[in-house]
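Trainee: Following this line is query-v1.txt, made up of compact mmCIF, C-alpha atoms:
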# COMPACT_ATOMS: atom_id res chain seq x y z
CA LYS I 689 3.96 -25.58 9.27
CA ASN I 690 1.42 -22.93 8.14
CA ASN I 691 1.83 -23.53 4.38
CA ILE I 692 2.86 -19.94 3.80
CA GLU I 693 5.78 -18.20 2.14
CA ILE I 694 7.25 -14.73 2.54
CA ILE I 695 6.33 -12.48 -0.38
CA GLN I 696 9.13 -9.98 0.16
CA ASN I 697 11.25 -9.55 -2.95
CA PHE I 698 14.68 -9.23 -1.38
CA GLU I 699 16.33 -8.26 -4.66
CA ASP I 700 14.18 -5.12 -4.96
CA SER I 701 14.28 -4.12 -1.30
CA ASN I 702 16.86 -3.28 1.31
CA MET I 703 14.51 -4.21 4.15
CA LEU I 704 16.32 -7.44 5.00
CA GLU I 705 19.67 -5.64 5.14
CA GLU I 706 18.10 -2.94 7.31
CA ILE I 707 16.69 -5.49 9.75
CA VAL I 708 19.98 -7.41 9.88
CA GLY I 709 21.76 -4.13 10.59
CA LEU I 710 19.39 -3.33 13.45
CA CYS I 711 19.51 -6.71 15.18
CA GLU I 712 22.57 -8.08 16.92
CA LYS I 713 20.81 -11.32 17.89
CA PRO I 714 17.79 -11.65 15.60
CA LEU I 715 14.81 -13.75 16.58
CA VAL I 716 12.08 -14.36 14.01
CA LEU I 717 8.51 -14.35 15.34
CA GLN I 718 5.14 -14.88 13.75
CA GLY I 719 2.00 -12.85 14.26
CA SER I 720 -1.37 -12.61 12.62
CA PHE I 721 -4.16 -10.13 12.05
CA ASP I 722 -7.92 -10.44 11.76
CA LYS I 723 -8.94 -12.03 8.45
CA LYS I 724 -11.48 -9.23 7.88
CA PHE I 725 -8.55 -7.04 6.81
CA LEU I 726 -7.91 -9.39 3.89
CA ASP I 727 -10.81 -7.54 2.19
CA LEU I 728 -8.43 -4.59 1.81
CA PRO I 729 -6.34 -4.48 -1.37
CA ASP I 730 -3.20 -6.60 -1.02
CA ASP I 731 -0.98 -3.59 -1.76
CA VAL I 732 -2.47 -1.70 1.18
CA ILE I 733 -1.78 -4.53 3.61
CA ILE I 734 1.70 -5.19 2.26
CA LEU I 735 2.75 -1.53 2.29
CA THR I 736 1.29 -0.96 5.74
CA LEU I 737 3.14 -3.87 7.29
CA GLN I 738 6.30 -3.59 5.25
CA ASN I 739 6.91 0.17 5.21
CA ASN I 740 5.50 1.19 8.57
CA GLN I 741 6.46 -1.80 10.68
CA LYS I 742 9.28 -3.55 8.75
CA PHE I 743 7.29 -6.79 8.88
CA PHE I 744 7.28 -9.49 6.22
CA CYS I 745 3.94 -10.36 4.66
CA CYS I 746 3.15 -13.91 3.64
CA ARG I 747 1.14 -15.63 0.94
CA ASN I 748 -0.68 -18.91 1.08
CA HIS I 749 0.46 -21.53 -1.41
CA ASP I 750 -2.57 -20.74 -3.59
CA GLY I 751 -1.14 -17.21 -4.04
CA SER I 752 -3.63 -15.39 -1.84
CA LEU I 753 -2.39 -13.05 0.87
CA SER I 754 -2.20 -14.64 4.31
CA ASN I 755 -3.17 -12.98 7.56
CA ILE I 756 0.10 -14.26 9.02
CA PHE I 757 3.13 -11.98 9.09
CA ILE I 758 6.74 -12.46 10.18
CA PHE I 759 8.78 -9.98 12.18
CA VAL I 760 12.24 -9.89 13.69
CA ILE I 761 13.19 -8.73 17.16
CA ASN I 762 16.55 -8.23 18.77
CA LYS I 763 17.04 -11.03 21.30
CA ASN I 764 19.74 -9.12 23.15
CA TYR I 765 18.31 -9.48 26.65
CA PRO I 766 17.55 -12.72 28.55
CA GLN I 767 14.13 -11.50 29.75
CA ILE I 768 12.89 -11.35 26.15
CA GLU I 769 12.50 -15.14 26.07
CA SER I 770 9.93 -15.01 28.87
CA ASN I 771 7.99 -12.17 27.20
CA LEU I 772 7.63 -13.53 23.65
CA GLU I 773 3.86 -13.90 23.91
CA LYS I 774 3.51 -10.27 25.03
CA ILE I 775 5.83 -9.09 22.25
CA ILE I 776 3.76 -10.97 19.66
CA ASN I 777 0.47 -9.65 21.08
CA ASP I 778 1.74 -6.06 21.20
CA ASN I 779 2.90 -6.23 17.60
CA GLN I 780 -0.43 -7.72 16.54
CA LYS I 781 -2.18 -4.78 18.24
CA ILE I 782 0.00 -2.33 16.31
CA VAL I 783 -0.79 -4.09 13.04
CA LYS I 784 -4.50 -4.05 13.87
CA ALA I 785 -4.35 -0.30 14.54
CA ARG I 786 -2.46 0.38 11.29
CA LEU I 787 -4.80 -1.76 9.21
CA SER I 788 -7.84 -0.19 10.92
CA ASP I 789 -6.52 3.22 9.89
CA ALA I 790 -6.04 2.04 6.29
CA GLU I 791 -9.54 0.53 6.30
CA PHE I 792 -10.96 3.83 7.58
CA PHE I 793 -9.20 5.86 4.87
CA ILE I 794 -10.41 3.52 2.15
CA ASN I 795 -13.98 3.54 3.46
CA GLU I 796 -13.89 7.35 3.57
CA ASP I 797 -12.52 7.46 0.02
CA LEU I 798 -15.25 5.12 -1.21
CA LYS I 799 -17.93 7.57 -0.03
CA GLN I 800 -17.00 9.72 -3.01
CA ASN I 801 -16.72 8.33 -6.54
CA LEU I 802 -13.72 9.01 -8.75
CA ASP I 803 -15.64 11.32 -11.08
CA SER I 804 -16.42 13.71 -8.24
CA ARG I 805 -12.70 13.82 -7.36
CA ILE I 806 -11.62 15.13 -10.77
CA ILE I 807 -12.35 18.69 -9.66
CA ASN I 808 -9.89 18.20 -6.74
CA LEU I 809 -7.04 17.94 -9.24
CA LYS I 810 -7.46 21.67 -9.94
CA LYS I 811 -6.28 22.33 -6.36
CA ILE I 812 -3.07 20.29 -6.68
CA ILE I 813 -0.25 22.21 -8.35
CA PHE I 814 1.80 20.10 -10.75
CA GLN I 815 4.37 22.78 -11.47
CA LYS I 816 4.08 26.54 -11.20
CA GLU I 817 4.51 27.24 -14.91
CA LEU I 818 2.50 24.18 -15.99
CA GLY I 819 -0.53 24.53 -13.75
CA SER I 820 -2.46 21.91 -11.81
CA LEU I 821 -2.72 18.15 -12.12
CA PHE I 822 -6.05 18.75 -13.83
CA ASP I 823 -4.25 20.81 -16.47
CA LYS I 824 -1.68 18.04 -16.87
CA SER I 825 -4.38 15.39 -17.35
CA GLN I 826 -6.01 17.58 -20.01
CA ARG I 827 -2.69 17.91 -21.85
CA ILE I 828 -2.19 14.16 -21.71
CA LYS I 829 -5.73 13.67 -23.01
CA ASN I 830 -5.03 15.94 -25.99
CA LEU I 831 -1.74 14.19 -26.70
CA ALA I 832 -3.40 10.77 -26.42
CA LYS I 833 -5.99 11.80 -29.05
CA ILE I 834 -3.17 12.54 -31.47
CA LEU I 835 -1.38 9.28 -30.70
CA ALA I 836 -4.59 7.24 -30.87
CA VAL I 837 -4.53 7.55 -34.65
CA PHE I 838 -1.48 5.27 -34.67
CA VAL I 839 -2.96 2.62 -32.37
CA PRO I 840 -5.10 0.02 -34.14
CA HIS I 841 -8.57 -0.55 -32.65
CA CYS I 842 -8.12 2.25 -30.10
CA GLU I 843 -11.37 3.19 -28.42
CA ILE I 844 -11.23 6.96 -28.05
CA ALA I 845 -13.94 7.03 -25.37
CA LEU I 846 -12.01 4.61 -23.13
CA MET I 847 -8.79 6.51 -23.71
CA ASN I 848 -10.47 9.81 -22.80
CA ARG I 849 -11.90 8.21 -19.65
CA ALA I 850 -8.49 6.88 -18.63
CA CYS I 851 -6.94 10.33 -19.13
CA GLU I 852 -9.64 11.99 -17.04
CA LEU I 853 -9.02 9.60 -14.13
CA LEU I 854 -5.26 9.56 -14.61
CA LYS I 855 -4.21 11.34 -11.41
CA VAL I 856 -7.43 11.28 -9.40
CA ASP I 857 -6.07 8.85 -6.82
CA LEU I 858 -3.70 11.60 -5.64
CA SER I 859 -6.68 13.30 -4.01
CA THR I 860 -7.56 10.26 -1.85
CA LYS I 861 -6.91 9.80 1.84
CA ALA I 862 -5.33 6.39 1.18
CA VAL I 863 -2.62 7.93 -1.02
CA ALA I 864 -2.11 10.72 1.51
CA GLU I 865 -1.45 8.04 4.15
CA LEU I 866 0.51 5.65 1.90
CA PRO I 867 2.01 7.58 -1.04
CA GLU I 868 3.32 4.32 -2.48
CA LEU I 869 -0.28 3.48 -3.42
CA GLN I 870 -0.25 6.22 -6.06
CA GLY I 871 -1.29 4.68 -9.34
CA LYS I 872 -2.55 1.50 -7.68
CA ILE I 873 -5.41 2.47 -5.38
CA GLY I 874 -7.34 4.12 -8.21
CA SER I 875 -7.81 0.74 -9.90
CA PHE I 876 -9.25 -0.62 -6.65
CA TYR I 877 -11.67 2.29 -6.36
What do you get writing this file as structure tokens?
Mentor:
Amino acid sequence: KNNIEIIQNFEDSNMLEEIVGLCEKPLVLQGSFDKKFLDLPDDVIILTLQNNQKFFCCRNHDGSLSNIFIFVINKNYPQIESNLEKIINDNQKIVKARLSDAEFFINEDLKQNLDSRIINLKKIIFQKELGSLFDKSQRIKNLAKILAVFVPHCEIALMNRACELLKVDLSTKAVAELPELQGKIGSFY
């Protein structure tokens, strides 16, 4: 009806089993969120809805993320049928609040560029005997220089830059809120 499909990969997730285990009489409902949130990275929206709310995100047939989501409730009580609109609206409000939080964290993160965050890695301990994440990134940078000799057409400047920014996303508010974004949100920033 809406030309959408669920993007959940059921083979890689136990979310469907979890939902089935929680619901004696499952009822699938559809909600939506404001399209302005589609400006957020897809991973942020998906992780927010999937991990925090156990909702299923959807894609349009062109592959773009849809603002429609699917969720399951337990239809165990007769009065639920008469309150479906309220249930949908309440869940949409929760999603709006969660996505507003994610949007806030990303906007706060974007006030500071990645280069200025490199110094923050000195405050994050990697391992007691091995030092901070900054120390780790420097070790990786030195190792990468050695390995670069064996990689045809390797641009040392780009490799150095990648090593410098390697763990910087760990100092962002978005990763603090959604740790699953580690390694992904940096490319967005």
Trainee: Glu693 (chain I): which residues within 8 Å, counting only C-alpha atoms, same-chain residues fewer than 5 positions away excluded, as a PyMOL selection string?
Mentor: chain I and resi 746-749
Trainee: Residues within 9 Å of region 762-777 of chain I, please, as a ChimeraX atom specification. Count all atoms listed in the file; anything in the same chain fewer than 5 positions from it doesn't count.
Mentor: /I:710-720,782
Trainee: Find the distance between CA of Lys689 (chain I) and CA of Phe743 (chain I) and write it in Å to one decimal.
Mentor: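 If I compute the distance from CA of Lys689 (chain I) to CA of Phe743 (chain I), I get 19.1 Å.
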Trainee: For CA of Pro840 (chain I) and CA of Ile806 (chain I), determine how far apart the two atoms are, in Å to one decimal place.
Mentor: 28.6 Å
Trainee: Give me, please, the distance in Å between CA of Asp789 (chain I) and CA of Leu726 (chain I), quoted to one decimal.
Mentor: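 It comes out at 14.0 Å.
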Trainee: For Leu866 (chain I), please output as a PDB file with C-alpha atoms, in the coordinates of the input all residues within 9 Å (counting only C-alpha atoms; exclusion window: fewer than 5 positions along the same chain).
Mentor:
ATOM      1  CA  VAL I 732      -2.470  -1.700   1.180  1.00  0.00           C
ATOM      2  CA  LEU I 735       2.750  -1.530   2.290  1.00  0.00           C
ATOM      3  CA  THR I 736       1.290  -0.960   5.740  1.00  0.00           C
ATOM      4  CA  ALA I 790      -6.040   2.040   6.290  1.00  0.00           C
ATOM      5  CA  LYS I 861      -6.910   9.800   1.840  1.00  0.00           C
TER       6      LYS I 861
END
Trainee: Which residues, written as a list of chain:residue names, have at least one atom at most 8 Å from region 817-826 of chain I, with only C-alpha atoms counted and residues fewer than 3 positions away on the same chain left out?
Mentor: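 After dropping sequence-adjacent residues, the list is I:Ile806, I:Ile807, I:Leu809, I:Lys810, I:Lys811, I:Ile812, I:Ile813, I:Phe814, I:Lys829, I:Asn830, I:Cys851, I:Glu852, I:Leu854, I:Lys855.
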Trainee: What does the file look like for those residues with C-alpha atoms, as a short mmCIF file (atom, residue, chain, number, x, y, z; two decimals), in the frame of the given file?
Mentor:
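Generated output (again29.cif):
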data_model
loop_
_atom_site.label_atom_id
_atom_site.label_comp_id
_atom_site.auth_asym_id
_atom_site.auth_seq_id
_atom_site.Cartn_x
_atom_site.Cartn_y
_atom_site.Cartn_z
CA ILE I 806 -11.62 15.13 -10.77
CA ILE I 807 -12.35 18.69 -9.66
CA LEU I 809 -7.04 17.94 -9.24
CA LYS I 810 -7.46 21.67 -9.94
CA LYS I 811 -6.28 22.33 -6.36
CA ILE I 812 -3.07 20.29 -6.68
CA ILE I 813 -0.25 22.21 -8.35
CA PHE I 814 1.80 20.10 -10.75
CA LYS I 829 -5.73 13.67 -23.01
CA ASN I 830 -5.03 15.94 -25.99
CA CYS I 851 -6.94 10.33 -19.13
CA GLU I 852 -9.64 11.99 -17.04
CA LEU I 854 -5.26 9.56 -14.61
CA LYS I 855 -4.21 11.34 -11.41
#
Trainee: Pick the closest to Cys745 (chain I) from I:Leu835, I:Ile694, I:Phe876, I:Val760: which is it, counting all atoms listed in the file?
Mentor: I:Ile694
Trainee: Pull the neighbourhood of (7.0, 1.0, 8.2) for me: all residues within 12 Å in file coordinates, counting only C-alpha atoms, as number ranges by chain.
Mentor: I: 703, 706-707, 733-744, 759, 782-783, 786, 865-866, 868
Trainee: May I have the residues within 10 Å of Gln870 (chain I) as a short mmCIF file (atom, residue, chain, number, x, y, z; two decimals) with C-alpha atoms, in the coordinates of the input, using only C-alpha atoms and disregarding those fewer than 2 positions away in the same chain?
Mentor:
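The new file result_24.cif reads:
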data_model
loop_
_atom_site.label_atom_id
_atom_site.label_comp_id
_atom_site.auth_asym_id
_atom_site.auth_seq_id
_atom_site.Cartn_x
_atom_site.Cartn_y
_atom_site.Cartn_z
CA LYS I 855 -4.21 11.34 -11.41
CA VAL I 856 -7.43 11.28 -9.40
CA ASP I 857 -6.07 8.85 -6.82
CA LEU I 858 -3.70 11.60 -5.64
CA SER I 859 -6.68 13.30 -4.01
CA THR I 860 -7.56 10.26 -1.85
CA ALA I 862 -5.33 6.39 1.18
CA VAL I 863 -2.62 7.93 -1.02
CA ALA I 864 -2.11 10.72 1.51
CA LEU I 866 0.51 5.65 1.90
CA PRO I 867 2.01 7.58 -1.04
CA GLU I 868 3.32 4.32 -2.48
CA LYS I 872 -2.55 1.50 -7.68
CA ILE I 873 -5.41 2.47 -5.38
CA GLY I 874 -7.34 4.12 -8.21
#
Trainee: Kindly indicate which residue among I:Leu787, I:Ile695, I:Ala850, I:Leu798 lies nearest to Ser754 (chain I), using all atoms listed in the file for the distances.
Mentor: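 Nearest to Ser754 (chain I): I:Ile695.
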Trainee: Please complete region 730-749 of chain I with N, CA and C atoms and give it back as a PDB file, keeping the file's coordinate frame.
Mentor:
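The resulting file, selection_39.pdb, is reproduced below:
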ATOM      1  N   ASP I 730      -4.471  -6.007  -1.469  1.00  0.00           N
ATOM      2  CA  ASP I 730      -3.200  -6.600  -1.020  1.00  0.00           C
ATOM      3  C   ASP I 730      -2.111  -5.545  -0.861  1.00  0.00           C
ATOM      4  N   ASP I 731      -2.025  -4.613  -1.821  1.00  0.00           N
ATOM      5  CA  ASP I 731      -0.980  -3.590  -1.760  1.00  0.00           C
ATOM      6  C   ASP I 731      -1.079  -2.753  -0.487  1.00  0.00           C
ATOM      7  N   VAL I 732      -2.281  -2.485  -0.037  1.00  0.00           N
ATOM      8  CA  VAL I 732      -2.470  -1.700   1.180  1.00  0.00           C
ATOM      9  C   VAL I 732      -1.924  -2.451   2.391  1.00  0.00           C
ATOM     10  N   ILE I 733      -2.254  -3.715   2.485  1.00  0.00           N
ATOM     11  CA  ILE I 733      -1.780  -4.530   3.610  1.00  0.00           C
ATOM     12  C   ILE I 733      -0.258  -4.653   3.573  1.00  0.00           C
ATOM     13  N   ILE I 734       0.256  -4.983   2.401  1.00  0.00           N
ATOM     14  CA  ILE I 734       1.700  -5.190   2.260  1.00  0.00           C
ATOM     15  C   ILE I 734       2.464  -3.914   2.598  1.00  0.00           C
ATOM     16  N   LEU I 735       2.043  -2.786   2.029  1.00  0.00           N
ATOM     17  CA  LEU I 735       2.750  -1.530   2.290  1.00  0.00           C
ATOM     18  C   LEU I 735       2.632  -1.105   3.743  1.00  0.00           C
ATOM     19  N   THR I 736       1.482  -1.324   4.339  1.00  0.00           N
ATOM     20  CA  THR I 736       1.290  -0.960   5.740  1.00  0.00           C
ATOM     21  C   THR I 736       2.231  -1.751   6.634  1.00  0.00           C
ATOM     22  N   LEU I 737       2.289  -3.039   6.447  1.00  0.00           N
ATOM     23  CA  LEU I 737       3.140  -3.870   7.290  1.00  0.00           C
ATOM     24  C   LEU I 737       4.613  -3.700   6.950  1.00  0.00           C
ATOM     25  N   GLN I 738       4.912  -3.646   5.680  1.00  0.00           N
ATOM     26  CA  GLN I 738       6.300  -3.590   5.250  1.00  0.00           C
ATOM     27  C   GLN I 738       6.938  -2.233   5.517  1.00  0.00           C
ATOM     28  N   ASN I 739       6.304  -1.166   5.092  1.00  0.00           N
ATOM     29  CA  ASN I 739       6.910   0.170   5.210  1.00  0.00           C
ATOM     30  C   ASN I 739       6.817   0.744   6.611  1.00  0.00           C
ATOM     31  N   ASN I 740       5.672   0.591   7.243  1.00  0.00           N
ATOM     32  CA  ASN I 740       5.500   1.190   8.570  1.00  0.00           C
ATOM     33  C   ASN I 740       6.115   0.364   9.682  1.00  0.00           C
ATOM     34  N   GLN I 741       6.037  -0.950   9.573  1.00  0.00           N
ATOM     35  CA  GLN I 741       6.460  -1.800  10.680  1.00  0.00           C
ATOM     36  C   GLN I 741       7.714  -2.626  10.400  1.00  0.00           C
ATOM     37  N   LYS I 742       8.141  -2.696   9.148  1.00  0.00           N
ATOM     38  CA  LYS I 742       9.280  -3.550   8.750  1.00  0.00           C
ATOM     39  C   LYS I 742       8.974  -5.021   9.022  1.00  0.00           C
ATOM     40  N   PHE I 743       7.720  -5.406   8.736  1.00  0.00           N
ATOM     41  CA  PHE I 743       7.290  -6.790   8.880  1.00  0.00           C
ATOM     42  C   PHE I 743       7.241  -7.424   7.498  1.00  0.00           C
ATOM     43  N   PHE I 744       7.341  -8.737   7.471  1.00  0.00           N
ATOM     44  CA  PHE I 744       7.280  -9.490   6.220  1.00  0.00           C
ATOM     45  C   PHE I 744       5.887 -10.089   6.068  1.00  0.00           C
ATOM     46  N   CYS I 745       5.242  -9.783   4.957  1.00  0.00           N
ATOM     47  CA  CYS I 745       3.940 -10.360   4.660  1.00  0.00           C
ATOM     48  C   CYS I 745       4.120 -11.736   4.046  1.00  0.00           C
ATOM     49  N   CYS I 746       3.087 -12.545   4.152  1.00  0.00           N
ATOM     50  CA  CYS I 746       3.150 -13.910   3.640  1.00  0.00           C
ATOM     51  C   CYS I 746       1.973 -14.187   2.718  1.00  0.00           C
ATOM     52  N   ARG I 747       2.195 -15.142   1.821  1.00  0.00           N
ATOM     53  CA  ARG I 747       1.140 -15.630   0.940  1.00  0.00           C
ATOM     54  C   ARG I 747       0.893 -17.096   1.237  1.00  0.00           C
ATOM     55  N   ASN I 748      -0.349 -17.499   1.026  1.00  0.00           N
ATOM     56  CA  ASN I 748      -0.680 -18.910   1.080  1.00  0.00           C
ATOM     57  C   ASN I 748      -0.151 -19.552  -0.203  1.00  0.00           C
ATOM     58  N   HIS I 749      -0.073 -20.855  -0.217  1.00  0.00           N
ATOM     59  CA  HIS I 749       0.460 -21.530  -1.410  1.00  0.00           C
ATOM     60  C   HIS I 749      -0.434 -21.364  -2.633  1.00  0.00           C
TER      61      HIS I 749
END
